[in-house]
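Containing mmCIF, C-alpha atoms and all ligand atoms: start_30.cif.
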data_target
#
loop_
_atom_site.group_PDB
_atom_site.id
_atom_site.type_symbol
_atom_site.label_atom_id
_atom_site.label_comp_id
_atom_site.auth_asym_id
_atom_site.auth_seq_id
_atom_site.Cartn_x
_atom_site.Cartn_y
_atom_site.Cartn_z
ATOM 1 C CA MET A 294 -35.311 -27.151 24.710
ATOM 2 C CA PRO A 295 -38.338 -26.039 26.682
ATOM 3 C CA PHE A 296 -37.812 -24.075 29.801
ATOM 4 C CA GLN A 297 -37.438 -26.287 32.821
ATOM 5 C CA LYS A 298 -37.708 -24.828 36.222
ATOM 6 C CA GLY A 299 -34.743 -25.460 38.410
ATOM 7 C CA HIS A 300 -32.473 -26.471 35.560
ATOM 8 C CA LYS A 301 -29.409 -24.458 35.124
ATOM 9 C CA SER A 302 -28.122 -23.861 31.666
ATOM 10 C CA PHE A 303 -25.157 -26.071 31.020
ATOM 11 C CA ARG A 304 -23.715 -23.345 28.899
ATOM 12 C CA THR A 305 -21.398 -21.061 30.731
ATOM 13 C CA LYS A 306 -19.835 -17.854 29.569
ATOM 14 C CA GLN A 307 -16.678 -19.813 28.948
ATOM 15 C CA SER A 308 -18.388 -22.384 26.774
ATOM 16 C CA TYR A 309 -20.039 -19.670 24.701
ATOM 17 C CA LYS A 310 -16.657 -18.168 24.145
ATOM 18 C CA LEU A 311 -15.210 -21.487 23.060
ATOM 19 C CA GLN A 312 -18.119 -22.122 20.740
ATOM 20 C CA GLY A 313 -17.535 -18.737 19.173
ATOM 21 C CA GLN A 314 -13.896 -19.512 18.630
ATOM 22 C CA LYS A 315 -14.794 -22.761 16.916
ATOM 23 C CA MET A 316 -16.982 -20.888 14.468
ATOM 24 C CA ILE A 317 -14.256 -18.542 13.324
ATOM 25 C CA GLY A 318 -13.039 -19.428 9.903
ATOM 26 C CA ARG A 319 -15.481 -22.298 9.509
ATOM 27 C CA PHE A 320 -16.881 -23.055 6.120
ATOM 28 C CA VAL A 321 -20.340 -21.595 5.717
ATOM 29 C CA SER A 322 -22.608 -22.688 2.900
ATOM 30 C CA GLN A 323 -24.182 -20.188 0.568
ATOM 31 C CA ALA A 324 -27.652 -20.854 2.005
ATOM 32 C CA THR A 325 -26.442 -20.215 5.519
ATOM 33 C CA ARG A 326 -24.732 -17.069 4.381
ATOM 34 C CA GLU A 327 -28.033 -15.818 3.003
ATOM 35 C CA LYS A 328 -29.737 -16.601 6.303
ATOM 36 C CA ILE A 329 -27.127 -14.722 8.266
ATOM 37 C CA LYS A 330 -27.431 -11.826 5.877
ATOM 38 C CA LEU A 331 -31.198 -11.729 6.219
ATOM 39 C CA LYS A 332 -30.968 -11.789 9.959
ATOM 40 C CA ALA A 333 -28.475 -8.967 9.996
ATOM 41 C CA THR A 334 -30.365 -6.803 7.532
ATOM 42 C CA GLY A 335 -31.767 -3.719 9.120
ATOM 43 C CA ARG A 336 -30.209 -4.535 12.433
ATOM 44 C CA LYS A 337 -29.066 -1.492 14.254
ATOM 45 C CA PHE A 338 -26.044 -1.493 16.459
ATOM 46 C CA SER A 339 -25.323 1.184 18.965
ATOM 47 C CA LYS A 340 -22.234 3.266 18.554
ATOM 48 C CA GLU A 341 -20.841 1.784 21.740
ATOM 49 C CA PHE A 342 -21.336 -1.728 20.485
ATOM 50 C CA LYS A 343 -19.659 -0.983 17.179
ATOM 51 C CA GLU A 344 -16.691 0.546 18.930
ATOM 52 C CA ALA A 345 -16.396 -2.339 21.351
ATOM 53 C CA ASP A 346 -16.736 -4.842 18.532
ATOM 54 C CA SER A 347 -14.042 -3.319 16.391
ATOM 55 C CA LYS A 348 -11.803 -3.223 19.456
ATOM 56 C CA ARG A 349 -12.547 -6.891 20.075
ATOM 57 C CA VAL A 350 -11.608 -7.836 16.503
ATOM 58 C CA LYS A 351 -8.431 -5.801 16.706
ATOM 59 C CA GLU A 352 -7.459 -7.631 19.868
ATOM 60 C CA LEU A 353 -8.288 -10.956 18.266
ATOM 61 C CA TRP A 354 -6.207 -10.129 15.249
ATOM 62 C CA LYS A 355 -3.170 -9.928 17.512
ATOM 63 C CA LYS A 356 -3.592 -13.581 18.357
ATOM 64 C CA LYS A 357 -1.911 -16.118 16.200
ATOM 65 C CA TRP A 358 -4.602 -18.770 16.320
ATOM 66 C CA TYR A 359 -7.142 -16.264 15.053
ATOM 67 C CA ARG A 360 -5.021 -15.109 12.163
ATOM 68 C CA ASN A 361 -4.192 -18.691 11.215
ATOM 69 C CA LYS A 362 -7.836 -19.657 11.219
ATOM 70 C CA LEU A 363 -8.812 -16.783 9.002
ATOM 71 C CA VAL A 364 -5.936 -17.370 6.646
ATOM 72 C CA LYS A 365 -6.966 -20.998 6.306
ATOM 73 C CA ALA A 366 -10.581 -20.042 5.754
ATOM 74 C CA HIS A 367 -9.733 -17.608 3.027
ATOM 75 C CA LEU A 368 -7.296 -19.827 1.190
ATOM 76 C CA GLY A 369 -8.186 -20.101 -2.445
ATOM 77 C CA GLN A 370 -10.703 -17.321 -2.243
ATOM 78 C CA LYS A 371 -10.455 -14.449 -4.593
ATOM 79 C CA ALA A 372 -8.946 -11.486 -2.830
ATOM 80 C CA TRP A 373 -11.502 -8.803 -2.187
ATOM 81 C CA ASN A 374 -9.374 -6.198 -3.887
ATOM 82 C CA LYS A 375 -8.283 -8.274 -6.830
ATOM 83 C CA GLY A 376 -8.683 -6.528 -10.134
ATOM 84 C CA LYS A 377 -9.968 -3.377 -8.540
ATOM 85 C CA LYS A 378 -8.207 -0.114 -8.931
ATOM 86 C CA PHE A 379 -8.357 2.104 -5.931
ATOM 87 C CA VAL A 380 -8.084 5.772 -6.611
ATOM 88 C CA GLN A 381 -6.884 6.431 -3.109
ATOM 89 C CA ILE A 382 -3.889 4.150 -3.441
ATOM 90 C CA SER A 383 -2.994 4.854 -7.039
ATOM 91 C CA GLU A 384 -0.542 7.423 -8.296
ATOM 92 C CA LYS A 385 0.763 9.816 -5.710
ATOM 93 C CA ASN A 386 -0.970 8.248 -2.777
ATOM 94 C CA HIS A 387 0.501 4.871 -3.388
ATOM 95 C CA TRP A 388 3.012 3.927 -0.732
ATOM 96 C CA ASN A 389 5.204 2.474 -3.413
ATOM 97 C CA TRP A 390 5.058 5.540 -5.565
ATOM 98 C CA LYS A 391 8.697 6.315 -4.962
ATOM 99 C CA GLY A 392 9.578 2.755 -5.774
ATOM 100 C CA ASP A 393 11.242 1.594 -8.931
ATOM 101 C CA LYS A 394 8.147 0.141 -10.550
ATOM 102 C CA VAL A 395 7.860 3.097 -12.892
ATOM 103 C CA GLY A 396 11.483 2.608 -13.768
ATOM 104 C CA TYR A 397 13.929 4.909 -15.363
ATOM 105 C CA HIS A 398 11.651 6.322 -18.039
ATOM 106 C CA GLY A 399 8.755 6.998 -15.742
ATOM 107 C CA VAL A 400 10.913 9.096 -13.466
ATOM 108 C CA HIS A 401 12.522 10.706 -16.456
ATOM 109 C CA SER A 402 9.267 12.090 -17.792
ATOM 110 C CA TRP A 403 8.213 12.984 -14.273
ATOM 111 C CA ILE A 404 11.232 15.162 -13.537
ATOM 112 C CA ARG A 405 11.160 16.746 -16.986
ATOM 113 C CA LYS A 406 7.503 17.569 -16.600
ATOM 114 C CA LEU A 407 8.096 19.046 -13.195
ATOM 115 C CA LEU A 408 11.344 20.891 -13.673
ATOM 116 C CA GLY A 409 11.702 21.252 -17.406
ATOM 117 C CA LYS A 410 15.124 21.568 -18.909
ATOM 118 C CA PRO A 411 17.761 22.639 -16.412
ATOM 119 C CA ASN A 412 18.992 26.084 -17.287
ATOM 120 C CA SER A 413 22.396 26.017 -15.741
ATOM 121 C CA CYS A 414 24.859 23.664 -14.128
ATOM 122 C CA GLU A 415 24.675 23.435 -10.375
ATOM 123 C CA HIS A 416 28.423 22.900 -10.132
ATOM 124 C CA CYS A 417 30.011 25.397 -12.477
ATOM 125 C CA GLY A 418 27.026 27.605 -13.238
ATOM 126 C CA GLY A 419 27.474 27.094 -16.981
ATOM 127 C CA GLU A 420 24.486 27.973 -19.159
ATOM 128 C CA GLY A 421 22.654 25.278 -21.064
ATOM 129 C CA ARG A 422 22.867 25.038 -24.855
ATOM 130 C CA TYR A 423 22.119 22.577 -27.599
ATOM 131 C CA ASN A 424 24.791 20.236 -28.885
ATOM 132 C CA GLY A 425 23.035 19.157 -32.012
ATOM 133 C CA SER A 426 19.700 17.976 -30.655
ATOM 134 C CA LYS A 427 20.991 17.343 -27.159
ATOM 135 C CA TRP A 428 20.704 19.786 -24.343
ATOM 136 C CA SER A 429 24.007 20.313 -22.599
ATOM 137 C CA ILE A 430 22.702 20.056 -19.053
ATOM 138 C CA HIS A 431 21.375 16.856 -17.586
ATOM 139 C CA TRP A 432 19.394 15.857 -14.583
ATOM 140 C CA ALA A 433 21.783 13.735 -12.584
ATOM 141 C CA ASN A 434 20.499 11.318 -10.030
ATOM 142 C CA LYS A 435 22.280 11.304 -6.717
ATOM 143 C CA SER A 436 21.097 8.115 -5.099
ATOM 144 C CA GLN A 437 20.791 5.981 -8.246
ATOM 145 C CA LYS A 438 17.369 5.084 -7.008
ATOM 146 C CA TYR A 439 15.615 7.553 -9.276
ATOM 147 C CA LEU A 440 13.551 8.808 -6.450
ATOM 148 C CA ARG A 441 10.601 11.014 -7.128
ATOM 149 C CA ASP A 442 12.195 13.421 -4.796
ATOM 150 C CA LEU A 443 13.549 16.710 -6.009
ATOM 151 C CA THR A 444 16.451 16.585 -3.590
ATOM 152 C CA ASP A 445 17.626 13.433 -5.306
ATOM 153 C CA TRP A 446 18.312 15.277 -8.532
ATOM 154 C CA MET A 447 20.716 17.947 -9.631
ATOM 155 C CA ALA A 448 21.386 19.758 -12.848
ATOM 156 C CA LEU A 449 24.869 19.157 -14.207
ATOM 157 C CA CYS A 450 26.535 20.093 -17.439
ATOM 158 C CA VAL A 451 28.150 17.313 -19.423
ATOM 159 C CA LYS A 452 31.609 18.242 -18.190
ATOM 160 C CA CYS A 453 30.710 18.382 -14.493
ATOM 161 C CA HIS A 454 28.629 15.318 -14.834
ATOM 162 C CA ARG A 455 31.531 13.335 -16.187
ATOM 163 C CA ARG A 456 33.654 14.548 -13.322
ATOM 164 C CA TYR A 457 30.899 13.634 -10.906
ATOM 165 C CA ASP A 458 30.579 10.221 -12.468
ATOM 166 C CA ARG A 459 34.198 9.438 -11.902
ATOM 167 C CA LYS A 460 33.498 9.566 -8.181
ATOM 168 C CA ASN A 461 30.054 8.087 -8.386
ATOM 169 C CA THR A 462 28.571 5.760 -10.891
ATOM 170 C CA ASN A 463 25.307 7.595 -11.246
ATOM 171 C CA ILE A 464 23.354 7.362 -14.428
ATOM 172 C CA ILE A 465 22.353 10.510 -16.227
ATOM 173 C CA ILE A 466 19.095 11.453 -17.784
ATOM 174 C CA ASN A 467 19.550 13.247 -21.069
ATOM 175 C CA GLN A 468 17.374 16.209 -21.691
HETATM 176 ZN ZN ZN B 501 29.118 22.244 -14.920
#

Starting from the file, lay out its structure as structure tokens.
Ligand SMILES: [Zn+2]
Amino acid sequence: MPFQKGHKSFRTKQSYKLQGQKMIGRFVSQATREKIKLKATGRKFSKEFKEADSKRVKELWKKKWYRNKLVKAHLGQKAWNKGKKFVQISEKNHWNWKGDKVGYHGVHSWIRKLLGKPNSCEHCGGEGRYNGSKWSIHWANKSQKYLRDLTDWMALCVKCHRRYDRKNTNIIINQ
């Protein structure tokens, strides 16, 4: 629309805002995506703008309509992190590392690697020895959750462990 003297733009701040909200989560064709990309390439944003923008998105994310729109828009799309292994969230750094995904055997090898064979019983102080091929002192789990947490384990001889098991139903890990 050519500039016309005396004409006020019919678009107000409010209408711009509404238009922007309508665009969120809307389907965008591949060609349009390319155009947007081209336009944004090499564009420099000031630090202030970036900060303000990320703040704006964070605020928006608190709103239900915004989240719903984005969820709808991304339905059926391949998750951005699907099939990718992130070093920073694998192994120790994973929030679920203490979880039971590794299971009994995973924790078993973990505690053995870390602590080796227990030398003596924490209850009676008895020294460890071999009964055939089995070591006489076990790592007993206190919580039954097999936590990767040293405080969740104690070294018990077979005798003490049996006694302990009568009170608790904890499973032992044979060394
Ligand atoms: Zn003992």

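Taking all atoms listed in the file into account, ligand ZN 501 (chain B) lies nearest to A:Pro411 out of the set A:Pro411, A:Gly335, A:Gly399, A:Gly313.
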
Where is the centre and how long are the edges: axis-aligned box on stretch 433-440 of chain A, 6 Å on each side, Å to one decimal, as lines of an AutoDock Vina configuration file:
center_x = 17.9
center_y = 9.4
center_z = -8.8
size_x = 20.7
size_y = 20.7
size_z = 19.5

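Residue nearest ligand ZN 501 (chain B), chosen from A:Val350, A:Ala448, A:Leu331, A:Cys414 and counting all atoms listed in the file: A:Cys414.
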
Per residue of chain A within 12 Å of ligand ZN 501 (chain B), record the nearest atom pair and its distance in Å to one decimal, counting all atoms listed in the file, with rows in chain order and ascending residue number, as CSV.
residue,atom,partner,partner_atom,distance
A:Pro411,CA,B:ZN501,ZN,11.5
A:Asn412,CA,B:ZN501,ZN,11.1
A:Ser413,CA,B:ZN501,ZN,7.8
A:Cys414,CA,B:ZN501,ZN,4.6
A:Glu415,CA,B:ZN501,ZN,6.5
A:His416,CA,B:ZN501,ZN,4.9
A:Cys417,CA,B:ZN501,ZN,4.1
A:Gly418,CA,B:ZN501,ZN,6.0
A:Gly419,CA,B:ZN501,ZN,5.5
A:Glu420,CA,B:ZN501,ZN,8.5
A:Gly421,CA,B:ZN501,ZN,9.4
A:Ser429,CA,B:ZN501,ZN,9.4
A:Ile430,CA,B:ZN501,ZN,7.9
A:His431,CA,B:ZN501,ZN,9.8
A:Trp432,CA,B:ZN501,ZN,11.6
A:Ala433,CA,B:ZN501,ZN,11.5
A:Met447,CA,B:ZN501,ZN,10.8
A:Ala448,CA,B:ZN501,ZN,8.4
A:Leu449,CA,B:ZN501,ZN,5.3
A:Cys450,CA,B:ZN501,ZN,4.2
A:Val451,CA,B:ZN501,ZN,6.7
A:Lys452,CA,B:ZN501,ZN,5.7
A:Cys453,CA,B:ZN501,ZN,4.2
A:His454,CA,B:ZN501,ZN,6.9
A:Arg455,CA,B:ZN501,ZN,9.3
A:Arg456,CA,B:ZN501,ZN,9.1
A:Tyr457,CA,B:ZN501,ZN,9.7

Residues just named, written with C-alpha atoms as a compact mmCIF listing (two decimals), in the frame of the given file:
# COMPACT_ATOMS: atom_id res chain seq x y z
CA PRO A 411 17.76 22.64 -16.41
CA ASN A 412 18.99 26.08 -17.29
CA SER A 413 22.40 26.02 -15.74
CA CYS A 414 24.86 23.66 -14.13
CA GLU A 415 24.68 23.44 -10.38
CA HIS A 416 28.42 22.90 -10.13
CA CYS A 417 30.01 25.40 -12.48
CA GLY A 418 27.03 27.60 -13.24
CA GLY A 419 27.47 27.09 -16.98
CA GLU A 420 24.49 27.97 -19.16
CA GLY A 421 22.65 25.28 -21.06
CA SER A 429 24.01 20.31 -22.60
CA ILE A 430 22.70 20.06 -19.05
CA HIS A 431 21.38 16.86 -17.59
CA TRP A 432 19.39 15.86 -14.58
CA ALA A 433 21.78 13.74 -12.58
CA MET A 447 20.72 17.95 -9.63
CA ALA A 448 21.39 19.76 -12.85
CA LEU A 449 24.87 19.16 -14.21
CA CYS A 450 26.54 20.09 -17.44
CA VAL A 451 28.15 17.31 -19.42
CA LYS A 452 31.61 18.24 -18.19
CA CYS A 453 30.71 18.38 -14.49
CA HIS A 454 28.63 15.32 -14.83
CA ARG A 455 31.53 13.34 -16.19
CA ARG A 456 33.65 14.55 -13.32
CA TYR A 457 30.90 13.63 -10.91

Q: Expand the PyMOL selection byres (((chain A and resi 404) around 10) and not hetatm) into the individual residues it matches in the shown file, reporting them as a list in words.
A: His398, Gly399, Val400, His401, Ser402, Trp403, Arg405, Lys406, Leu407, Leu408, Gly409, Lys410, Trp432, Tyr439, Leu440, Arg441, Asp442, Leu443, Trp446 and Ile466 of chain A

Q) When you draw a straight line from atom CA of A:Phe342 to atom CA of A:Val321, how long is it in Å? A)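 Result for atom CA of A:Phe342 versus atom CA of A:Val321: 24.8 Å, one decimal.
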